[in-house]
Structure formats: C-alpha cells, structure tokens
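Shown below: work-v4.csv, with CSV, C-alpha atoms (C1' of nucleotides).
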```csv
chain,number,residue,atom,x,y,z
A,1,MET,CA,19.3,-13.8,8.8
A,2,ASP,CA,17.6,-17.0,7.8
A,3,ARG,CA,14.6,-17.2,5.5
A,4,GLY,CA,12.2,-18.0,8.3
A,5,LYS,CA,13.1,-14.9,10.3
A,6,ARG,CA,13.0,-12.8,7.1
A,7,LEU,CA,9.4,-14.0,6.4
A,8,LEU,CA,8.4,-13.1,10.0
A,9,ARG,CA,10.0,-9.7,9.7
A,10,LEU,CA,8.3,-9.2,6.3
A,11,TYR,CA,5.0,-9.9,8.0
A,12,GLU,CA,5.7,-7.4,10.8
A,13,THR,CA,6.7,-4.7,8.4
A,14,LEU,CA,3.6,-5.1,6.3
A,15,GLU,CA,1.3,-5.3,9.3
A,16,ARG,CA,2.7,-2.0,10.7
A,17,PHE,CA,1.9,-0.5,7.4
A,18,PHE,CA,-1.4,-2.0,6.6
A,19,GLY,CA,-2.9,-2.8,10.0
A,20,ASP,CA,-5.5,-5.5,10.1
A,21,LEU,CA,-6.9,-5.8,6.6
A,22,HIS,CA,-9.9,-8.1,7.3
A,23,TRP,CA,-9.5,-9.1,3.7
A,24,TRP,CA,-12.1,-11.3,2.2
A,25,PRO,CA,-12.4,-11.3,-1.6
A,26,GLY,CA,-16.2,-11.8,-1.6
A,27,GLU,CA,-19.3,-11.6,0.5
A,28,THR,CA,-19.9,-15.3,0.8
A,29,PRO,CA,-17.7,-18.4,0.6
A,30,PHE,CA,-19.4,-19.4,-2.7
A,31,GLU,CA,-18.6,-16.0,-4.2
A,32,VAL,CA,-15.0,-16.4,-3.1
A,33,ALA,CA,-14.8,-19.8,-4.8
A,34,VAL,CA,-16.3,-18.5,-8.0
A,35,GLY,CA,-14.0,-15.5,-7.8
A,36,ALA,CA,-11.0,-17.8,-7.4
A,37,ILE,CA,-11.7,-19.4,-10.8
A,38,LEU,CA,-12.6,-16.1,-12.5
A,39,THR,CA,-9.5,-14.3,-11.4
A,40,GLN,CA,-7.1,-16.8,-13.1
A,41,ASN,CA,-4.6,-14.7,-15.0
A,42,THR,CA,-7.0,-11.8,-14.8
A,43,ASN,CA,-7.2,-8.4,-13.1
A,44,TRP,CA,-9.5,-8.5,-10.1
A,45,ALA,CA,-11.4,-5.4,-11.3
A,46,ASN,CA,-12.6,-7.4,-14.3
A,47,VAL,CA,-13.6,-10.3,-12.0
A,48,GLU,CA,-15.8,-7.9,-10.0
A,49,LYS,CA,-17.7,-6.9,-13.1
A,50,ALA,CA,-18.4,-10.6,-13.9
A,51,ILE,CA,-19.4,-11.3,-10.3
A,52,GLY,CA,-21.7,-8.2,-10.4
A,53,GLN,CA,-23.5,-9.6,-13.4
A,54,LEU,CA,-24.0,-13.0,-11.8
A,55,LYS,CA,-25.5,-11.3,-8.7
A,56,ALA,CA,-27.6,-9.0,-10.8
A,57,GLN,CA,-29.1,-12.1,-12.5
A,58,GLY,CA,-29.6,-13.8,-9.2
A,59,VAL,CA,-27.5,-16.8,-10.2
A,60,LEU,CA,-24.6,-16.6,-7.7
A,61,GLU,CA,-25.7,-19.8,-6.0
A,62,PRO,CA,-24.4,-23.3,-6.7
A,63,ARG,CA,-27.5,-24.9,-8.3
A,64,ALA,CA,-28.6,-21.8,-10.2
A,65,LEU,CA,-25.2,-21.4,-11.7
A,66,TYR,CA,-24.9,-25.1,-12.5
A,67,GLY,CA,-28.2,-25.1,-14.2
A,68,LEU,CA,-27.3,-22.2,-16.4
A,69,ASP,CA,-26.8,-22.7,-20.2
A,70,ASP,CA,-23.1,-22.6,-21.1
A,71,GLU,CA,-23.6,-19.7,-23.5
A,72,VAL,CA,-25.6,-17.7,-21.0
A,73,LEU,CA,-22.9,-18.2,-18.3
A,74,ALA,CA,-20.1,-17.4,-20.8
A,75,ASP,CA,-21.9,-14.1,-21.6
A,76,LEU,CA,-22.3,-13.2,-18.0
A,77,ILE,CA,-18.6,-13.8,-17.1
A,78,ARG,CA,-17.3,-12.2,-20.3
A,79,PRO,CA,-15.7,-9.2,-18.6
A,80,SER,CA,-13.3,-11.5,-16.7
A,81,GLY,CA,-11.7,-12.7,-19.9
A,82,TYR,CA,-11.1,-16.3,-21.1
A,83,PHE,CA,-14.9,-16.7,-20.8
A,84,ARG,CA,-15.1,-20.0,-22.7
A,85,VAL,CA,-12.4,-21.8,-20.7
A,86,LYS,CA,-13.7,-20.3,-17.4
A,87,THR,CA,-17.3,-21.4,-18.3
A,88,LYS,CA,-15.9,-25.0,-18.6
A,89,ARG,CA,-13.9,-24.7,-15.4
A,90,LEU,CA,-16.9,-23.3,-13.4
A,91,LYS,CA,-19.1,-26.0,-14.6
A,92,ALA,CA,-16.5,-28.7,-13.8
A,93,PHE,CA,-16.3,-27.3,-10.2
A,94,LEU,CA,-20.1,-27.0,-9.9
A,95,GLU,CA,-20.6,-30.5,-11.1
A,96,VAL,CA,-18.6,-31.9,-8.2
A,97,LEU,CA,-20.0,-29.4,-5.7
A,98,CYS,CA,-23.6,-30.1,-6.7
A,99,ASP,CA,-23.5,-33.8,-7.5
A,100,ASP,CA,-21.1,-35.0,-4.8
A,101,PHE,CA,-21.6,-32.5,-2.0
A,102,ARG,CA,-25.3,-31.4,-2.5
A,103,GLY,CA,-24.1,-27.9,-3.3
A,104,ASP,CA,-22.7,-27.6,0.2
A,105,LEU,CA,-19.3,-25.8,-0.2
A,106,GLY,CA,-18.5,-26.0,3.5
A,107,LEU,CA,-18.8,-29.8,3.2
A,108,MET,CA,-16.7,-29.9,0.1
A,109,LEU,CA,-13.9,-27.9,1.7
A,110,SER,CA,-14.0,-29.8,5.0
A,111,GLY,CA,-12.3,-33.0,6.2
A,112,GLU,CA,-8.6,-33.8,6.2
A,113,LEU,CA,-6.7,-31.0,4.5
A,114,PRO,CA,-4.6,-33.0,2.1
A,115,GLN,CA,-7.7,-34.9,0.9
A,116,ALA,CA,-9.8,-31.8,0.5
A,117,ARG,CA,-7.0,-30.2,-1.5
A,118,GLN,CA,-6.6,-33.3,-3.7
A,119,ARG,CA,-10.4,-33.3,-4.3
A,120,LEU,CA,-10.1,-29.8,-5.7
A,121,LEU,CA,-7.0,-30.5,-7.7
A,122,GLY,CA,-8.8,-33.4,-9.4
A,123,ILE,CA,-11.2,-30.9,-11.0
A,124,SER,CA,-10.1,-29.8,-14.4
A,125,GLY,CA,-9.3,-26.1,-14.3
A,126,ILE,CA,-8.4,-26.0,-10.6
A,127,GLY,CA,-4.7,-25.8,-10.0
A,128,GLU,CA,-2.7,-25.3,-6.8
A,129,GLU,CA,-3.3,-21.6,-6.4
A,130,THR,CA,-7.0,-21.8,-7.1
A,131,ALA,CA,-7.5,-24.8,-4.8
A,132,ASP,CA,-5.6,-23.1,-2.0
A,133,SER,CA,-7.5,-19.8,-2.4
A,134,MET,CA,-10.7,-21.7,-2.0
A,135,LEU,CA,-9.5,-23.6,1.0
A,136,LEU,CA,-8.1,-20.5,2.8
A,137,TYR,CA,-10.6,-17.8,1.8
A,138,ALA,CA,-13.8,-19.8,1.3
A,139,GLY,CA,-13.1,-22.7,3.7
A,140,GLY,CA,-11.1,-21.0,6.4
A,141,ARG,CA,-8.5,-23.7,6.2
A,142,PRO,CA,-4.8,-22.9,7.2
A,143,VAL,CA,-3.2,-23.2,3.7
A,144,PHE,CA,-0.8,-20.5,2.4
A,145,VAL,CA,-1.7,-19.2,-1.1
A,146,ILE,CA,1.2,-18.6,-3.4
A,147,ASP,CA,0.5,-16.3,-6.3
A,148,ALA,CA,2.4,-14.2,-8.8
A,149,TYR,CA,2.8,-11.3,-6.3
A,150,THR,CA,4.2,-13.7,-3.6
A,151,ARG,CA,6.8,-15.1,-6.0
A,152,ARG,CA,7.7,-11.6,-7.3
A,153,ILE,CA,8.1,-10.0,-3.9
A,154,LEU,CA,10.1,-12.9,-2.5
A,155,THR,CA,12.3,-12.9,-5.5
A,156,ARG,CA,13.0,-9.2,-5.4
A,157,HIS,CA,13.8,-9.5,-1.7
A,158,GLY,CA,16.3,-12.3,-2.3
A,159,ILE,CA,14.3,-14.7,-0.1
A,160,ILE,CA,13.9,-17.1,-3.0
A,161,ASP,CA,15.9,-17.4,-6.2
A,162,GLY,CA,16.0,-19.6,-9.3
A,163,LYS,CA,12.7,-21.3,-10.1
A,164,PRO,CA,11.3,-22.8,-6.9
A,165,THR,CA,8.1,-24.8,-7.4
A,166,TYR,CA,4.7,-23.7,-5.9
A,167,GLY,CA,5.2,-26.3,-3.3
A,168,ASP,CA,8.7,-25.2,-2.4
A,169,ILE,CA,7.4,-21.6,-1.7
A,170,GLN,CA,4.4,-22.9,0.1
A,171,CYS,CA,6.5,-25.1,2.4
A,172,LEU,CA,8.7,-22.1,3.2
A,173,PHE,CA,5.8,-20.2,4.5
A,174,MET,CA,4.1,-23.1,6.2
A,175,ASN,CA,7.2,-24.3,8.0
A,176,HIS,CA,8.0,-20.8,9.4
A,177,VAL,CA,4.7,-19.1,9.9
A,178,PRO,CA,2.3,-20.6,12.5
A,179,ARG,CA,-0.4,-22.6,10.8
A,180,ASP,CA,-3.4,-20.4,11.4
A,181,ALA,CA,-5.9,-19.5,8.8
A,182,GLY,CA,-6.4,-15.9,10.1
A,183,LEU,CA,-2.7,-15.3,10.0
A,184,TYR,CA,-2.3,-16.7,6.5
A,185,ASN,CA,-5.3,-14.7,5.3
A,186,GLN,CA,-3.8,-11.5,6.7
A,187,TYR,CA,-0.3,-12.3,5.4
A,188,HIS,CA,-1.4,-13.1,1.9
A,189,ALA,CA,-3.8,-10.2,1.8
A,190,MET,CA,-0.9,-7.8,2.6
A,191,ILE,CA,1.2,-9.4,-0.1
A,192,VAL,CA,-1.5,-8.9,-2.7
A,193,GLU,CA,-2.1,-5.3,-1.6
A,194,THR,CA,1.7,-4.6,-1.7
A,195,GLY,CA,1.8,-6.3,-5.1
A,196,LYS,CA,-1.1,-4.4,-6.6
A,197,ARG,CA,0.2,-1.0,-5.4
A,198,TYR,CA,4.0,-1.3,-5.6
A,199,CYS,CA,5.2,-4.6,-7.1
A,200,ARG,CA,3.9,-4.9,-10.7
A,201,THR,CA,6.1,-6.4,-13.4
A,202,GLU,CA,7.5,-2.8,-13.5
A,203,PRO,CA,8.1,-1.9,-9.9
A,204,ARG,CA,6.6,1.3,-8.4
A,205,CYS,CA,8.5,1.4,-5.2
A,206,GLY,CA,7.7,5.0,-4.2
A,207,ASP,CA,5.9,4.5,-0.9
A,208,CYS,CA,6.3,0.7,-0.7
A,209,PRO,CA,6.7,-0.4,3.0
A,210,LEU,CA,9.3,-2.9,1.8
A,211,ARG,CA,11.4,-0.6,-0.3
A,212,LYS,CA,14.5,-0.5,1.9
A,213,ASP,CA,15.1,-4.2,1.8
A,214,CYS,CA,14.1,-4.6,-1.9
A,215,GLY,CA,16.6,-5.8,-4.3
A,216,THR,CA,15.3,-3.8,-7.2
A,217,GLY,CA,17.5,-1.0,-5.9
A,218,ARG,CA,14.7,1.5,-6.5
A,219,GLY,CA,14.0,1.9,-2.8
A,220,ARG,CA,17.5,3.4,-2.4
A,221,GLU,CA,17.0,5.7,-5.3
A,222,ASP,CA,13.7,6.9,-3.9
A,223,ARG,CA,15.3,7.7,-0.6
A,224,ASP,CA,18.7,8.9,-1.6
A,225,GLY,CA,18.0,10.3,-5.1
A,226,PRO,CA,19.6,9.0,-8.3
A,227,ARG,CA,23.2,7.9,-8.1
B,1,DG,C1',-1.4,0.1,-30.1
B,2,DA,C1',1.3,-2.5,-26.8
B,3,DC,C1',1.5,-4.4,-22.5
B,4,DC,C1',-0.2,-6.3,-18.4
B,5,DA,C1',-3.3,-8.8,-14.9
B,6,DG,C1',-4.0,-12.9,-8.1
B,7,DG,C1',-3.5,-19.7,-14.0
B,8,DC,C1',-4.3,-23.8,-16.1
B,9,DA,C1',-4.3,-27.7,-19.5
B,10,DC,C1',-2.3,-29.7,-23.1
B,11,DA,C1',1.3,-30.6,-26.6
B,12,DT,C1',5.9,-31.3,-27.5
B,13,DC,C1',10.7,-32.1,-26.8
C,1,DG,C1',10.4,-32.3,-16.2
C,2,DA,C1',11.0,-28.2,-18.6
C,3,DT,C1',9.3,-25.3,-22.0
C,4,DG,C1',5.9,-23.2,-25.2
C,5,DT,C1',1.2,-22.1,-26.5
C,6,DG,C1',-3.9,-21.0,-26.4
C,7,DC,C1',-7.3,-18.8,-23.9
C,8,DA,C1',-9.8,-13.0,-24.1
C,9,DT,C1',-11.2,-8.9,-21.6
C,10,DG,C1',-10.5,-4.1,-19.9
C,11,DG,C1',-7.3,-0.6,-17.8
C,12,DT,C1',-3.0,2.1,-18.3
```
Write out the structure in this file as structure tokens.
Amino acid sequence: MDRGKRLLRLYETLERFFGDLHWWPGETPFEVAVGAILTQNTNWANVEKAIGQLKAQGVLEPRALYGLDDEVLADLIRPSGYFRVKTKRLKAFLEVLCDDFRGDLGLMLSGELPQARQRLLGISGIGEETADSMLLYAGGRPVFVIDAYTRRILTRHGIIDGKPTYGDIQCLFMNHVPRDAGLYNQYHAMIVETGKRYCRTEPRCGDCPLRKDCGTGRGREDRDGPR
DNA sequence: GACCAGGCACATC
DNA sequence: GATGTGCATGGT
C-alpha cells in the first residue's frame, strides 16, 4: 500500500478510536499562540501552569503582555521551563504583533499562506512547528503541523524512514490529505493524543489503536503474549 | 537521581 | 548541511 493510502487509513483508524476531538489547545487564538511558544520542548502540563499564571494576572492579551517587564514575564512563565529564552521569544513575537499588526492576531495570520508563514518564521524563536501551530490552531489555516509525535509514530509504522526534513513530512500529509483546516486539526490532535498516551520515547502500546500495524513489535506481544 | 517533554538558535566542522 | 550544545521546569 502506498504512503498516501496508509496516511488515510491511519486517520480512519484513529477517528474510529477517538471520535471527533474538537481539540483546541487554548480558549482564544491568542492563548493558542502563546501556548505554541511556551510548549517548545516542554510538557503541556507545565505550559498550562504558566498560562494559568498569565490569566490570573490578567495579562493574557497582546498589549498587556508586551508591556510587561521581562523579569516579571519570566517569573510568570517559569513553570514552562526555559523561561529566559521563552521571554525573549514571546517579546519578539509580541513586538511584531503589536507594532506591525496593531495587536490583531487574526490580521497577522491572514493573507496568502506562504507569506503569513514566512512572516512568522522571520521572528526569532519561531521555527516551523511553532509557526504552523499558530497558523492552524490560532488562525484556522490549512497547514499540517509536524511534531515529535508525528515523526515518531510515522517512523514506528514504517511510513517514513531515515531523516526526512520537516518539509518532507509536511508535504507527505498535505499532498495526500485534503487541505482542510478542520481535518488537519483533527488529524494532528489524534496524533498528539496517541503520542501522549501510547507513543513516548519508550512505547506503551497496551491499548494503542495503532498497535497492530506498529513496527515496535510490542503490539504483537500485547495480543499474542511474549514469544 | 535520571530521564523525558508538542523546539529553536547558534557555533562549529 | 549535518551535528552538537545551551536553555530549565516539573512529572514519572
């Protein structure tokens, strides 16, 4: 079976298992954008604590956050780790958002997709995954997000091998899965849920909906007992 | 106490 | 262009 069909079958298997996740990692687009930076190389639970502190201080809003003293901001986002670098990255993002787009995130994420993406990539601290997360989850743009879970699951299923670039994997999805933001949202959400529950660096394949096609071999053991 | 988690920039070769 | 390193917290 070719890789395009396998991607579609993967989607169907996951959707049968999870149903419609309506996944949205934040209450507002701005919260999603901030979360996208805070979650870099960090457990989401720690990000939620940081976001909670920003909310509690009433500063989860572009201009309020931009106006915050660096040390105060760093202290608020401390639970998310890398708080000094993330303070710089948030400020760099907020500088463009507030100075060039009047604090209007919808405006910043609108326009031609390649240009909007380049705009984000031009900001220090925003790489491909962070840019695409913002575009998809905060902007509702049809861009597939590739993260560590996506790479890991595809590798373990033999759909990719070697060291494909971010763009290689993204093209694979976007050339075979219809370009629809709702679909990409749901697909990536299911990948992240699967990754969190079953596909850590050390696999926990027990009830994983994908275990029978998984190359770790653990799915077989879970079904058939040890060999 | 070691290891891991939804990256990125920068230096070096 | 590939590879290595610093950044830092909180859960398991």
Near Leu172 (chain A), counting only C-alpha atoms (C1' of nucleotides), which residues have an atom at most 10 Å away, once you skip same-chain residues fewer than 6 positions from it, shown as a ChimeraX atom specification?
/A:3-4,7,144,159-160
Across A:Arg16, A:Arg204, A:Arg78, A:Arg211, the smallest distance to DG10 (chain C), with only C-alpha atoms (C1' of nucleotides) counted, is shown by A:Arg78
Which chain A residues have any atom within 6 Å of an atom of chain B, and for each, what is the nearest pair of atoms with distance in Å to one decimal, counting only C-alpha atoms (C1' of nucleotides), rows sorted by chain and number, as CSV?
```
residue,atom,partner,partner_atom,distance
A:Gln40,CA,B:DG7,C1',4.7
A:Asn41,CA,B:DG7,C1',5.2
A:Thr42,CA,B:DA5,C1',4.8
A:Asn43,CA,B:DA5,C1',4.3
A:Gly125,CA,B:DC8,C1',5.8
A:Asp147,CA,B:DG6,C1',5.9
```
Output as a VMD selection string the set of chain A residues within 12 Å of chain C, with distances taken over all atoms listed in the file.
chain A and resid 38 to 50 74 to 75 77 to 88 163 165
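Taking CA of Gln115 (chain A) and CA of Glu31 (chain A) as endpoints, the distance between them is 22.4 Å.
We find CA of Pro178 (chain A) and CA of Glu12 (chain A) to be spaced 13.7 Å apart.
Interatomic distance, CA of Gly140 (chain A) against CA of Trp24 (chain A): 10.6 Å.
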Mind working out the centre and edge lengths of an axis-aligned box for chain B, all listed atoms inside, 6 Å added to each side, rounded to one decimal in Å and written as JSON?
```
{"center_x": 3.2, "center_y": -16.0, "center_z": -19.1, "size_x": 27.0, "size_y": 44.2, "size_z": 34.0}
```
Nearby residues, (12.7, -3.1, 2.1) file frame, 12 Å, only C-alpha atoms (C1' of nucleotides), as a short mmCIF file (atom, residue, chain, number, x, y, z; two decimals) with C-alpha atoms, keeping the file's coordinate frame:
```
data_model
loop_
_atom_site.label_atom_id
_atom_site.label_comp_id
_atom_site.auth_asym_id
_atom_site.auth_seq_id
_atom_site.Cartn_x
_atom_site.Cartn_y
_atom_site.Cartn_z
CA ARG A 6 13.00 -12.80 7.10
CA ARG A 9 10.00 -9.70 9.70
CA LEU A 10 8.30 -9.20 6.30
CA TYR A 11 5.00 -9.90 8.00
CA GLU A 12 5.70 -7.40 10.80
CA THR A 13 6.70 -4.70 8.40
CA LEU A 14 3.60 -5.10 6.30
CA ILE A 153 8.10 -10.00 -3.90
CA LEU A 154 10.10 -12.90 -2.50
CA ARG A 156 13.00 -9.20 -5.40
CA HIS A 157 13.80 -9.50 -1.70
CA GLY A 158 16.30 -12.30 -2.30
CA ILE A 159 14.30 -14.70 -0.10
CA THR A 194 1.70 -4.60 -1.70
CA TYR A 198 4.00 -1.30 -5.60
CA CYS A 199 5.20 -4.60 -7.10
CA CYS A 205 8.50 1.40 -5.20
CA GLY A 206 7.70 5.00 -4.20
CA ASP A 207 5.90 4.50 -0.90
CA CYS A 208 6.30 0.70 -0.70
CA PRO A 209 6.70 -0.40 3.00
CA LEU A 210 9.30 -2.90 1.80
CA ARG A 211 11.40 -0.60 -0.30
CA LYS A 212 14.50 -0.50 1.90
CA ASP A 213 15.10 -4.20 1.80
CA CYS A 214 14.10 -4.60 -1.90
CA GLY A 215 16.60 -5.80 -4.30
CA THR A 216 15.30 -3.80 -7.20
CA GLY A 217 17.50 -1.00 -5.90
CA ARG A 218 14.70 1.50 -6.50
CA GLY A 219 14.00 1.90 -2.80
CA ARG A 220 17.50 3.40 -2.40
CA ASP A 222 13.70 6.90 -3.90
CA ARG A 223 15.30 7.70 -0.60
#
```
Model the absent atoms of region 49-84 of chain A so that N, CA and C atoms are present, and write the result as a PDB file, keeping the file's coordinate frame.
```pdb
ATOM      1  N   LYS A  49     -16.623  -7.215 -12.108  1.00  0.00           N
ATOM      2  CA  LYS A  49     -17.700  -6.900 -13.100  1.00  0.00           C
ATOM      3  C   LYS A  49     -18.490  -8.210 -13.361  1.00  0.00           C
ATOM      4  N   ALA A  50     -17.750  -9.291 -13.576  1.00  0.00           N
ATOM      5  CA  ALA A  50     -18.400 -10.600 -13.900  1.00  0.00           C
ATOM      6  C   ALA A  50     -19.253 -11.026 -12.689  1.00  0.00           C
ATOM      7  N   ILE A  51     -18.693 -10.941 -11.487  1.00  0.00           N
ATOM      8  CA  ILE A  51     -19.400 -11.300 -10.300  1.00  0.00           C
ATOM      9  C   ILE A  51     -20.695 -10.464 -10.146  1.00  0.00           C
ATOM     10  N   GLY A  52     -20.532  -9.177 -10.437  1.00  0.00           N
ATOM     11  CA  GLY A  52     -21.700  -8.200 -10.400  1.00  0.00           C
ATOM     12  C   GLY A  52     -22.794  -8.679 -11.289  1.00  0.00           C
ATOM     13  N   GLN A  53     -22.434  -9.145 -12.471  1.00  0.00           N
ATOM     14  CA  GLN A  53     -23.500  -9.600 -13.400  1.00  0.00           C
ATOM     15  C   GLN A  53     -24.154 -10.846 -12.932  1.00  0.00           C
ATOM     16  N   LEU A  54     -23.379 -11.750 -12.332  1.00  0.00           N
ATOM     17  CA  LEU A  54     -24.000 -13.000 -11.800  1.00  0.00           C
ATOM     18  C   LEU A  54     -24.969 -12.642 -10.685  1.00  0.00           C
ATOM     19  N   LYS A  55     -24.568 -11.702  -9.826  1.00  0.00           N
ATOM     20  CA  LYS A  55     -25.500 -11.300  -8.700  1.00  0.00           C
ATOM     21  C   LYS A  55     -26.717 -10.624  -9.287  1.00  0.00           C
ATOM     22  N   ALA A  56     -26.510  -9.743 -10.257  1.00  0.00           N
ATOM     23  CA  ALA A  56     -27.600  -9.000 -10.800  1.00  0.00           C
ATOM     24  C   ALA A  56     -28.665  -9.986 -11.431  1.00  0.00           C
ATOM     25  N   GLN A  57     -28.184 -11.109 -11.949  1.00  0.00           N
ATOM     26  CA  GLN A  57     -29.100 -12.100 -12.500  1.00  0.00           C
ATOM     27  C   GLN A  57     -29.603 -13.086 -11.477  1.00  0.00           C
ATOM     28  N   GLY A  58     -29.119 -12.924 -10.244  1.00  0.00           N
ATOM     29  CA  GLY A  58     -29.600 -13.800  -9.200  1.00  0.00           C
ATOM     30  C   GLY A  58     -29.133 -15.241  -9.300  1.00  0.00           C
ATOM     31  N   VAL A  59     -27.957 -15.454  -9.931  1.00  0.00           N
ATOM     32  CA  VAL A  59     -27.500 -16.800 -10.200  1.00  0.00           C
ATOM     33  C   VAL A  59     -26.223 -17.158  -9.404  1.00  0.00           C
ATOM     34  N   LEU A  60     -25.846 -16.297  -8.451  1.00  0.00           N
ATOM     35  CA  LEU A  60     -24.600 -16.600  -7.700  1.00  0.00           C
ATOM     36  C   LEU A  60     -24.905 -17.524  -6.555  1.00  0.00           C
ATOM     37  N   GLU A  61     -25.255 -18.712  -6.935  1.00  0.00           N
ATOM     38  CA  GLU A  61     -25.700 -19.800  -6.000  1.00  0.00           C
ATOM     39  C   GLU A  61     -25.419 -21.083  -6.725  1.00  0.00           C
ATOM     40  N   PRO A  62     -24.912 -22.112  -6.033  1.00  0.00           N
ATOM     41  CA  PRO A  62     -24.400 -23.300  -6.700  1.00  0.00           C
ATOM     42  C   PRO A  62     -25.397 -23.895  -7.770  1.00  0.00           C
ATOM     43  N   ARG A  63     -26.614 -24.235  -7.364  1.00  0.00           N
ATOM     44  CA  ARG A  63     -27.500 -24.900  -8.300  1.00  0.00           C
ATOM     45  C   ARG A  63     -27.956 -24.041  -9.454  1.00  0.00           C
ATOM     46  N   ALA A  64     -28.202 -22.780  -9.136  1.00  0.00           N
ATOM     47  CA  ALA A  64     -28.600 -21.800 -10.200  1.00  0.00           C
ATOM     48  C   ALA A  64     -27.529 -21.710 -11.238  1.00  0.00           C
ATOM     49  N   LEU A  65     -26.300 -21.605 -10.781  1.00  0.00           N
ATOM     50  CA  LEU A  65     -25.200 -21.400 -11.700  1.00  0.00           C
ATOM     51  C   LEU A  65     -24.960 -22.704 -12.514  1.00  0.00           C
ATOM     52  N   TYR A  66     -25.068 -23.830 -11.832  1.00  0.00           N
ATOM     53  CA  TYR A  66     -24.900 -25.100 -12.500  1.00  0.00           C
ATOM     54  C   TYR A  66     -25.919 -25.347 -13.562  1.00  0.00           C
ATOM     55  N   GLY A  67     -27.121 -24.860 -13.303  1.00  0.00           N
ATOM     56  CA  GLY A  67     -28.200 -25.100 -14.200  1.00  0.00           C
ATOM     57  C   GLY A  67     -28.213 -24.140 -15.437  1.00  0.00           C
ATOM     58  N   LEU A  68     -27.345 -23.158 -15.379  1.00  0.00           N
ATOM     59  CA  LEU A  68     -27.300 -22.200 -16.400  1.00  0.00           C
ATOM     60  C   LEU A  68     -26.749 -22.734 -17.734  1.00  0.00           C
ATOM     61  N   ASP A  69     -27.337 -22.339 -18.846  1.00  0.00           N
ATOM     62  CA  ASP A  69     -26.800 -22.700 -20.200  1.00  0.00           C
ATOM     63  C   ASP A  69     -25.391 -22.183 -20.317  1.00  0.00           C
ATOM     64  N   ASP A  70     -24.497 -22.976 -20.920  1.00  0.00           N
ATOM     65  CA  ASP A  70     -23.100 -22.600 -21.100  1.00  0.00           C
ATOM     66  C   ASP A  70     -22.946 -21.201 -21.744  1.00  0.00           C
ATOM     67  N   GLU A  71     -23.734 -20.992 -22.776  1.00  0.00           N
ATOM     68  CA  GLU A  71     -23.600 -19.700 -23.500  1.00  0.00           C
ATOM     69  C   GLU A  71     -24.047 -18.548 -22.680  1.00  0.00           C
ATOM     70  N   VAL A  72     -25.073 -18.759 -21.885  1.00  0.00           N
ATOM     71  CA  VAL A  72     -25.600 -17.700 -21.000  1.00  0.00           C
ATOM     72  C   VAL A  72     -24.527 -17.373 -19.944  1.00  0.00           C
ATOM     73  N   LEU A  73     -23.973 -18.437 -19.355  1.00  0.00           N
ATOM     74  CA  LEU A  73     -22.900 -18.200 -18.300  1.00  0.00           C
ATOM     75  C   LEU A  73     -21.721 -17.532 -18.924  1.00  0.00           C
ATOM     76  N   ALA A  74     -21.305 -17.983 -20.095  1.00  0.00           N
ATOM     77  CA  ALA A  74     -20.100 -17.400 -20.800  1.00  0.00           C
ATOM     78  C   ALA A  74     -20.373 -15.885 -20.965  1.00  0.00           C
ATOM     79  N   ASP A  75     -21.579 -15.546 -21.364  1.00  0.00           N
ATOM     80  CA  ASP A  75     -21.900 -14.100 -21.600  1.00  0.00           C
ATOM     81  C   ASP A  75     -21.834 -13.315 -20.348  1.00  0.00           C
ATOM     82  N   LEU A  76     -22.297 -13.896 -19.245  1.00  0.00           N
ATOM     83  CA  LEU A  76     -22.300 -13.200 -18.000  1.00  0.00           C
ATOM     84  C   LEU A  76     -20.889 -12.933 -17.436  1.00  0.00           C
ATOM     85  N   ILE A  77     -20.002 -13.914 -17.654  1.00  0.00           N
ATOM     86  CA  ILE A  77     -18.600 -13.800 -17.100  1.00  0.00           C
ATOM     87  C   ILE A  77     -17.661 -13.188 -18.108  1.00  0.00           C
ATOM     88  N   ARG A  78     -18.155 -12.773 -19.236  1.00  0.00           N
ATOM     89  CA  ARG A  78     -17.300 -12.200 -20.300  1.00  0.00           C
ATOM     90  C   ARG A  78     -16.279 -11.199 -19.844  1.00  0.00           C
ATOM     91  N   PRO A  79     -16.672 -10.248 -18.973  1.00  0.00           N
ATOM     92  CA  PRO A  79     -15.700  -9.200 -18.600  1.00  0.00           C
ATOM     93  C   PRO A  79     -14.434  -9.772 -17.910  1.00  0.00           C
ATOM     94  N   SER A  80     -14.498 -10.987 -17.378  1.00  0.00           N
ATOM     95  CA  SER A  80     -13.300 -11.500 -16.700  1.00  0.00           C
ATOM     96  C   SER A  80     -12.327 -12.163 -17.646  1.00  0.00           C
ATOM     97  N   GLY A  81     -12.654 -12.161 -18.932  1.00  0.00           N
ATOM     98  CA  GLY A  81     -11.700 -12.700 -19.900  1.00  0.00           C
ATOM     99  C   GLY A  81     -11.740 -14.240 -19.932  1.00  0.00           C
ATOM    100  N   TYR A  82     -11.150 -14.833 -20.952  1.00  0.00           N
ATOM    101  CA  TYR A  82     -11.100 -16.300 -21.100  1.00  0.00           C
ATOM    102  C   TYR A  82     -12.453 -16.921 -20.795  1.00  0.00           C
ATOM    103  N   PHE A  83     -13.525 -16.296 -21.277  1.00  0.00           N
ATOM    104  CA  PHE A  83     -14.900 -16.700 -20.800  1.00  0.00           C
ATOM    105  C   PHE A  83     -15.258 -18.104 -21.209  1.00  0.00           C
ATOM    106  N   ARG A  84     -14.726 -18.600 -22.324  1.00  0.00           N
ATOM    107  CA  ARG A  84     -15.100 -20.000 -22.700  1.00  0.00           C
ATOM    108  C   ARG A  84     -14.422 -20.992 -21.796  1.00  0.00           C
TER     109      ARG A  84
END
```
